[in-house]
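One structure is given here, and the rest of the page talks about it.
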Amino acid sequence: MAEVGRAVVHDRGALLPGGFWAAVAVWLERPQVANKRLCGVRLEARRSAVLPGTEAGGPRPSAGPEQEEPAAAGCGSEERPGPGERSSEAGGPRPSAGPEQEEPAAAGCGSEERPGPRERSSEGGSGPRPSAGPEQEEPAAAGCGSEERPGPGERSSEGGSGPRPSAGPEEPQGRRQQGESKREAAAACLLAGAPGQRGKAGGGEGAIPASDLDSLWDDFSRSLVGDNREMLGFLTGSGSGLQPEAQRELDVVLRTVIPKRSPHCPLAAPRREIVVRDILNGTVTFLPLQEDDKGNLKVETDNVYQIQLSHSEEEWFMSVSIFCPERWHSDGIVYPKPTWLGQELLAKLARWSVESKRSGFKSTLSLIPILKYSQAYQDLKEKYRDMVKVWPEVTDPEKFVYEDVAIATYLLVLWEEERAARGVTAKQSFVDLGCGNGLLVHILNSEGHPGRGIDVRRRKIWNMYGPHTCLEEAAITPSDKTLFPDVDWLIGNHSDELTPWIPVIAARSSYHCRFFVLPCCFFDFVGRYCRRQSEKTQYRGYLDFIREVGSACGFHVEEDCLRIPSTKRVCLIGSSRTYPPAAEAAVDEQRTQYVLSRRGCPGGPPVEGPAPAPPRVVAGNVDHCPSGHSDGHRALDGEAEGRWLPGFHPREKVERVRNCAALPREFIDHVVLQVANLLLGAKQSSQRSCHSGSLKTWNRGESLSLAEVASELDRETLQRLKRECGGLQTLLRNSHQVFQVRNGRVHIRDWREEKLQKDTQPEAKRRAFSEAFKTRLCWFFVHHPDGCALPADCCPFAHGPGELRPPPSTKRKKQLL
């Protein structure tokens, strides 16, 4: 046996040993958070088990520094490293995981393909990333771009925050016995309450019966007291050749580790292993399984490793040990190099162990089979990857293409599982409300699902899809005229103001209509959504609101986290009802009352008037467009009758630009000159060497806060800027040549410093900079009292009209026929 890594864990928040078991739970249930080359795991079976104890000439101390014992011979013949007794405290249920984004991949042989949807944390997973964020640093979601820490920081139950181990042998015997009793009780609670004990399986595609785990463990246990005593010593931390003293109760899990499919590792196959958690001993051991020629599984000793928490002299230690280092075979995927285990993995586990921030999110891809998703995603990614090359929109093609491929994969797998559960073969129909670029609709149509997408504004990319992709340009106002009784699923993928309405529309369309929403921007039924609970992030609060809407509409609402490159990747699914069909009328009355109750919520104006009548299905609204795209713009609304809530307004067909770019040039130039004069008012000069060789002071001005600058502008100017997104700050940032805005303060830009930083910029940015060289007049040459700080041949802007160059021509993207 060899220890490949050891780390001191600074437990300032008194979170150990509970935090250790929380971190172990992440590595057990969501290893893709740490190892980016994994897709995830499938927990197949779980049981309580017993292990023969060992005796080393007397009982081992119950607390305090551990006395070193003789090591087992053979593969385990090395002395077991590390002082300190294994922590024994535990207790509580297993943790619920949150979305995460992935972290750096495990080291090993072979290169790794960049994950399709570019999970930032995000390998998501159950987290983070993500990223754990599943994933980064981890996903989550506070506000528009901030993220709440996911699963790895969650406090697991397998430990809780119970009493710390006693200080050492000098502690009174009664207190030691009391602490030992608490540890034993906590372990018993954990083992007794663990889900999937003997006879229970985790299920999933390709899952083996739980009875196989019983048989595997029974055979393995018999070998431990026979010819495999070195392994017994490794599991228990004692020497080999010792006589059994007492049976040890353990938590045993059978799991399948699923690697990502990649062109670099085409032969990577799922690997099964048994994970043994010894709560009283503070260890978790991973035992790989090998299948013989007859298909029988048995424990192999080549790649056995153990993670241990120990305590000594008021310090906590975490270590990783390998049973037989000379027989360790690294594939760079499921079994990385020992150095990665002892450094990268150990560092992550140590960090997660002492993080107290909890996650309010579920595991990534928790509602579908991960292996099936991984295979389908790689197939679709390969099939639609050329879309990146011909993307005509101004948005990032890689992000949007791979994100929609991942969402489509999720829906295809979810729907395949639904058909299997219902015993049907016909593929589900759908309508995507607010379909945007329409790529999700295009993929689902191409994969055989009948459906269409509706959006208020036509996109350029719609022309590339062909007639089999059904897209319509129309505005939708929730009313009697916007029901879809012949559709199986309604989809809301970043559907903005329609997001809270989609469960309502689905519930009223038909009893068998289901919904899938992926919320992003925060809208109520009318107007913006305002958070109601300060202890939650705005994102978590909005997800709870949409879940509340779904429940009020009579759906069993489930939550899952997608594996996409976005901080907003939690989806809500309503696939079944909470009431029988006969109760539809009564439940719809409750829906109506709930929607009306939101009229007085902050963010939506109160609306007077009687309650709208129950919806009536209008047959003309559910036609599928048979001939491809609908060219005419029409309104699917209820202006005349049947509108469910007055005050709702769909977004405008033509999106107004509000980033100050549409403001008159004369107004922008006036504000820029006014702010520059404010900054140059205080003489804060610096010497520069002009091109003639003489020294001259150049006025860099002072820095002012945005509030100080705003206080000097007239009211009419401020009112005009407030109507733009970002207001004054956006205008100043857009005037990149003149200003720098850092930490809320405005500075005059000194291009001498920019010149020094130019060599450190990425190649693409330097290329774009060179293409724009001398295509605009230098503001400082024209307006600054001291002129430009740079000589004409060094300044990227033209010193006078004679130096101006024509701007580079815009490169047109190829169109896909």
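Residues are referred to by chain and number: the chain letter is A, B, ... according to the order shown in the structure tokens, the number counts from 1 in that chain, and ligands are numbered separately from 1 in the order shown.
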Select from segment 458-527 of chain A every residue with an atom at most 9 Å from any atom of segment 424-442 of chain A, then for each give the shortest pair of atoms and their distance in Å to one decimal, using only C-alpha atoms, rows by chain and rising number, as CSV.
```
residue,atom,partner,partner_atom,distance
A:Arg458,CA,A:Gly436,CA,7.9
A:Arg459,CA,A:Asn437,CA,5.9
A:Lys460,CA,A:Asn437,CA,8.1
A:Ile461,CA,A:Asn437,CA,6.5
A:Trp462,CA,A:Gly438,CA,6.8
A:Tyr465,CA,A:His442,CA,6.7
A:Gly466,CA,A:His442,CA,9.0
A:His468,CA,A:His442,CA,8.1
A:Thr469,CA,A:His442,CA,5.3
A:Cys470,CA,A:Val441,CA,7.6
A:Leu471,CA,A:Gly438,CA,7.1
A:Ala475,CA,A:Gly434,CA,8.9
A:Ile476,CA,A:Leu433,CA,8.2
A:Phe484,CA,A:Val431,CA,8.2
A:Asp486,CA,A:Ser429,CA,8.2
A:Val487,CA,A:Ser429,CA,5.5
A:Asp488,CA,A:Ser429,CA,5.2
A:Trp489,CA,A:Phe430,CA,4.6
A:Leu490,CA,A:Val431,CA,5.1
A:Ile491,CA,A:Asp432,CA,4.6
A:Gly492,CA,A:Leu433,CA,5.6
A:Asn493,CA,A:Cys435,CA,6.9
A:His494,CA,A:Gly434,CA,7.5
A:Ser495,CA,A:Gly434,CA,5.0
A:Asp496,CA,A:Gly434,CA,7.9
A:Leu498,CA,A:Leu433,CA,7.6
A:Thr499,CA,A:Leu433,CA,8.9
A:Ile502,CA,A:Leu433,CA,8.1
```
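Shell of Arg514 of chain A at 9 Å, with only C-alpha atoms counted and residues fewer than 2 places along the chain excluded, is Val487, Asp488, Trp489, Leu490, Ile491, Pro503, Ala506, Ala507, Ser510, Tyr511, His512, Phe516, Phe555, Ile573, Gly574, Ser575, Ser576 and Arg577 of chain A.
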Could you write out that same residue set with N, CA, C and O atoms as a tab-separated table (two decimals), in the first residue's frame?
```tsv
chain	number	residue	atom	x	y	z
A	487	VAL	N	-51.54	18.95	-29.08
A	487	VAL	CA	-50.09	18.91	-28.88
A	487	VAL	C	-49.77	18.19	-27.57
A	487	VAL	O	-50.47	18.36	-26.56
A	488	ASP	N	-48.71	17.38	-27.59
A	488	ASP	CA	-48.31	16.64	-26.40
A	488	ASP	C	-47.51	17.49	-25.43
A	488	ASP	O	-47.69	17.38	-24.21
A	489	TRP	N	-46.59	18.31	-25.95
A	489	TRP	CA	-45.68	19.07	-25.08
A	489	TRP	C	-45.62	20.53	-25.53
A	489	TRP	O	-45.53	20.81	-26.73
A	490	LEU	N	-45.63	21.44	-24.56
A	490	LEU	CA	-45.29	22.84	-24.79
A	490	LEU	C	-43.89	23.09	-24.23
A	490	LEU	O	-43.57	22.67	-23.11
A	491	ILE	N	-43.07	23.78	-25.01
A	491	ILE	CA	-41.67	24.04	-24.64
A	491	ILE	C	-41.49	25.53	-24.46
A	491	ILE	O	-41.94	26.34	-25.29
A	503	PRO	N	-47.15	26.81	-18.20
A	503	PRO	CA	-47.92	25.79	-17.47
A	503	PRO	C	-49.43	26.02	-17.55
A	503	PRO	O	-50.20	25.05	-17.62
A	506	ALA	N	-50.55	24.99	-21.09
A	506	ALA	CA	-50.51	23.53	-21.21
A	506	ALA	C	-51.67	22.89	-20.46
A	506	ALA	O	-52.33	21.97	-20.96
A	507	ALA	N	-51.96	23.38	-19.25
A	507	ALA	CA	-53.03	22.80	-18.45
A	507	ALA	C	-54.39	22.99	-19.11
A	507	ALA	O	-55.25	22.10	-19.06
A	510	SER	N	-55.19	20.73	-22.95
A	510	SER	CA	-55.83	19.42	-22.82
A	510	SER	C	-55.29	18.76	-21.57
A	510	SER	O	-54.23	19.15	-21.05
A	511	TYR	N	-55.99	17.75	-21.10
A	511	TYR	CA	-55.56	17.06	-19.88
A	511	TYR	C	-54.24	16.32	-20.10
A	511	TYR	O	-53.48	16.11	-19.17
A	512	HIS	N	-53.95	15.96	-21.35
A	512	HIS	CA	-52.75	15.17	-21.64
A	512	HIS	C	-51.57	16.03	-22.11
A	512	HIS	O	-50.52	15.49	-22.46
A	516	PHE	N	-42.40	21.78	-20.63
A	516	PHE	CA	-40.97	21.84	-20.29
A	516	PHE	C	-40.57	23.30	-20.40
A	516	PHE	O	-40.72	23.91	-21.46
A	555	PHE	N	-50.15	20.28	-11.96
A	555	PHE	CA	-49.08	19.42	-12.44
A	555	PHE	C	-48.23	18.92	-11.27
A	555	PHE	O	-48.02	19.63	-10.29
A	573	ILE	N	-40.34	20.57	-15.28
A	573	ILE	CA	-41.09	19.68	-16.16
A	573	ILE	C	-42.39	19.29	-15.47
A	573	ILE	O	-42.40	18.88	-14.31
A	574	GLY	N	-43.49	19.45	-16.20
A	574	GLY	CA	-44.79	18.98	-15.73
A	574	GLY	C	-45.28	17.89	-16.67
A	574	GLY	O	-45.80	18.21	-17.75
A	575	SER	N	-45.11	16.63	-16.30
A	575	SER	CA	-45.44	15.52	-17.19
A	575	SER	C	-46.65	14.73	-16.73
A	575	SER	O	-47.07	13.79	-17.41
A	576	SER	N	-47.21	15.06	-15.57
A	576	SER	CA	-48.40	14.34	-15.09
A	576	SER	C	-49.23	15.28	-14.23
A	576	SER	O	-48.75	16.33	-13.77
A	577	ARG	N	-50.47	14.91	-13.99
A	577	ARG	CA	-51.40	15.77	-13.25
A	577	ARG	C	-51.61	15.24	-11.83
A	577	ARG	O	-51.41	14.04	-11.56
```
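Of the listed residues A:Pro565, A:Gly744, A:Gly727, A:Gly554, the one whose atoms come nearest to Glu708 of chain A is A:Gly744, with distances taken using only C-alpha atoms.
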Could you give me, as number ranges by chain, the residues within 8 Å of Leu728 of chain A, counting only C-alpha atoms and dropping anything in the same chain fewer than 6 positions from it? A: 706, 710, 718, 721-722
I'd like the neighbourhood of Arg643 of chain A as a ChimeraX atom specification, where a residue qualifies if any of its atoms comes within 7 Å (using only C-alpha atoms), though same-chain residues fewer than 6 positions away should be ignored. /A:478-480
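Atom CA of Pro806 of chain A is positioned 25.2 Å from atom CA of Asp750 of chain A.
Taking only C-alpha atoms into account, Val526 of chain A lies nearest to A:Thr477 out of the set A:Gln375, A:Ser509, A:Gln343, A:Thr477.
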Near-Cys39 of chain A list (8 Å; only C-alpha atoms; drop same-chain fewer than 5 positions) as number ranges by chain: A: 32, 258-260, 370-371, 374
Keeping only N, CA, C and O atoms, write those residues as an mmCIF file, in the first residue's frame.
```cif
data_model
loop_
_atom_site.group_PDB
_atom_site.id
_atom_site.type_symbol
_atom_site.label_atom_id
_atom_site.label_comp_id
_atom_site.auth_asym_id
_atom_site.auth_seq_id
_atom_site.Cartn_x
_atom_site.Cartn_y
_atom_site.Cartn_z
ATOM 1 N N GLN A 32 -18.183 13.573 -12.108
ATOM 2 C CA GLN A 32 -17.884 14.466 -13.221
ATOM 3 C C GLN A 32 -17.630 15.890 -12.760
ATOM 4 O O GLN A 32 -17.094 16.706 -13.509
ATOM 5 N N ILE A 258 -19.580 6.212 -15.881
ATOM 6 C CA ILE A 258 -19.825 6.377 -17.310
ATOM 7 C C ILE A 258 -18.886 7.445 -17.858
ATOM 8 O O ILE A 258 -18.997 8.623 -17.496
ATOM 9 N N PRO A 259 -17.950 7.074 -18.721
ATOM 10 C CA PRO A 259 -17.060 8.082 -19.316
ATOM 11 C C PRO A 259 -17.741 8.829 -20.438
ATOM 12 O O PRO A 259 -18.727 8.360 -21.017
ATOM 13 N N LYS A 260 -17.228 9.995 -20.751
ATOM 14 C CA LYS A 260 -17.723 10.726 -21.906
ATOM 15 C C LYS A 260 -17.251 10.048 -23.186
ATOM 16 O O LYS A 260 -16.126 9.555 -23.259
ATOM 17 N N ILE A 370 -28.119 8.689 -17.752
ATOM 18 C CA ILE A 370 -26.946 9.470 -18.152
ATOM 19 C C ILE A 370 -26.225 8.818 -19.321
ATOM 20 O O ILE A 370 -25.754 9.498 -20.235
ATOM 21 N N LEU A 371 -26.107 7.494 -19.320
ATOM 22 C CA LEU A 371 -25.397 6.816 -20.396
ATOM 23 C C LEU A 371 -26.094 7.040 -21.728
ATOM 24 O O LEU A 371 -25.460 7.326 -22.749
ATOM 25 N N SER A 374 -25.449 10.606 -22.843
ATOM 26 C CA SER A 374 -24.083 10.814 -23.333
ATOM 27 C C SER A 374 -23.930 10.319 -24.761
ATOM 28 O O SER A 374 -23.338 10.994 -25.612
#
```
Need the shell around Lys774 of chain A: protein/DNA/RNA residues with any atom at most 9 Å away, counting only C-alpha atoms. Skip same-chain ones fewer than 5 positions apart. Format as a ChimeraX atom specification? /A:795-799,803-807
Please, could you write that set of residues out with all heavy atoms as a CSV table (one decimal), in the first residue's frame?
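Listed below is the output, again00.csv:
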```
chain,number,residue,atom,x,y,z
A,795,CYS,N,0.1,56.1,-32.9
A,795,CYS,CA,-1.3,56.2,-32.5
A,795,CYS,C,-2.2,55.4,-33.4
A,795,CYS,O,-2.1,55.4,-34.6
A,795,CYS,CB,-1.8,57.6,-32.5
A,795,CYS,SG,-3.5,57.8,-31.9
A,796,PRO,N,-3.1,54.5,-32.9
A,796,PRO,CA,-4.0,53.7,-33.7
A,796,PRO,C,-5.1,54.5,-34.4
A,796,PRO,O,-5.7,54.0,-35.3
A,796,PRO,CB,-4.6,52.7,-32.8
A,796,PRO,CG,-4.5,53.4,-31.4
A,796,PRO,CD,-3.3,54.2,-31.4
A,797,PHE,N,-5.2,55.8,-34.1
A,797,PHE,CA,-6.2,56.6,-34.7
A,797,PHE,C,-5.5,57.7,-35.6
A,797,PHE,O,-4.4,58.0,-35.4
A,797,PHE,CB,-7.1,57.3,-33.6
A,797,PHE,CG,-7.8,56.3,-32.7
A,797,PHE,CD1,-7.2,55.9,-31.5
A,797,PHE,CD2,-8.9,55.6,-33.1
A,797,PHE,CE1,-7.8,55.0,-30.7
A,797,PHE,CE2,-9.5,54.7,-32.3
A,797,PHE,CZ,-9.0,54.4,-31.1
A,798,ALA,N,-6.3,58.2,-36.5
A,798,ALA,CA,-5.8,59.2,-37.5
A,798,ALA,C,-5.6,60.5,-36.9
A,798,ALA,O,-6.5,61.1,-36.3
A,798,ALA,CB,-6.7,59.2,-38.7
A,799,HIS,N,-4.4,61.1,-37.1
A,799,HIS,CA,-4.1,62.5,-36.7
A,799,HIS,C,-4.4,63.4,-37.8
A,799,HIS,O,-3.5,63.8,-38.6
A,799,HIS,CB,-2.7,62.6,-36.2
A,799,HIS,CG,-2.4,62.0,-34.9
A,799,HIS,ND1,-1.3,62.3,-34.1
A,799,HIS,CD2,-3.1,61.2,-34.1
A,799,HIS,CE1,-1.3,61.7,-33.0
A,799,HIS,NE2,-2.4,60.9,-33.0
A,803,GLU,N,-4.7,61.0,-42.7
A,803,GLU,CA,-4.3,59.7,-42.3
A,803,GLU,C,-5.4,58.7,-42.3
A,803,GLU,O,-5.1,57.5,-42.1
A,803,GLU,CB,-3.7,59.7,-40.9
A,803,GLU,CG,-2.4,60.5,-40.8
A,803,GLU,CD,-1.7,60.4,-39.5
A,803,GLU,OE1,-2.3,59.6,-38.6
A,803,GLU,OE2,-0.7,61.0,-39.2
A,804,LEU,N,-6.6,59.1,-42.6
A,804,LEU,CA,-7.7,58.1,-42.5
A,804,LEU,C,-7.7,57.0,-43.5
A,804,LEU,O,-7.3,57.3,-44.7
A,804,LEU,CB,-9.1,58.9,-42.6
A,804,LEU,CG,-9.6,59.6,-41.4
A,804,LEU,CD1,-10.8,60.4,-41.7
A,804,LEU,CD2,-10.0,58.5,-40.3
A,805,ARG,N,-7.9,55.8,-43.1
A,805,ARG,CA,-8.0,54.7,-44.0
A,805,ARG,C,-9.5,54.2,-44.1
A,805,ARG,O,-10.3,54.4,-43.2
A,805,ARG,CB,-7.2,53.5,-43.5
A,805,ARG,CG,-5.7,53.8,-43.5
A,805,ARG,CD,-5.0,52.6,-42.7
A,805,ARG,NE,-5.3,51.3,-43.4
A,805,ARG,CZ,-5.6,50.2,-42.7
A,805,ARG,NH1,-5.7,50.3,-41.3
A,805,ARG,NH2,-5.9,49.1,-43.3
A,806,PRO,N,-9.9,53.6,-45.2
A,806,PRO,CA,-11.3,53.1,-45.3
A,806,PRO,C,-11.5,52.0,-44.4
A,806,PRO,O,-10.6,51.2,-44.1
A,806,PRO,CB,-11.4,52.7,-46.8
A,806,PRO,CG,-10.0,52.4,-47.2
A,806,PRO,CD,-9.1,53.4,-46.5
A,807,PRO,N,-12.7,51.9,-43.7
A,807,PRO,CA,-12.9,50.8,-42.8
A,807,PRO,C,-12.9,49.4,-43.5
A,807,PRO,O,-13.2,49.4,-44.7
A,807,PRO,CB,-14.3,51.1,-42.2
A,807,PRO,CG,-14.9,52.0,-43.3
A,807,PRO,CD,-13.8,52.7,-43.9
```
In segment 380-588 of chain A, DSSP helix (DSSP H, G or I) residues written as a PyMOL selection string: chain A and resi 380-388+397-422+439-446+462-465+496-509+538-552+581-588
As JSON, numbers by chain, please: every residue in segment 439-604 of chain A that DSSP puts in strand (DSSP E). {"A": [451, 452, 453, 454, 455, 471, 472, 473, 474, 475, 476, 489, 490, 491, 492, 493, 514, 515, 516, 517, 518, 555, 556, 557, 558, 559, 560, 561, 570, 571, 572, 573, 574, 575, 576, 577]}
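Here atom CA of Asn445 of chain A and atom CA of Phe522 of chain A stand 28.8 Å from one another.
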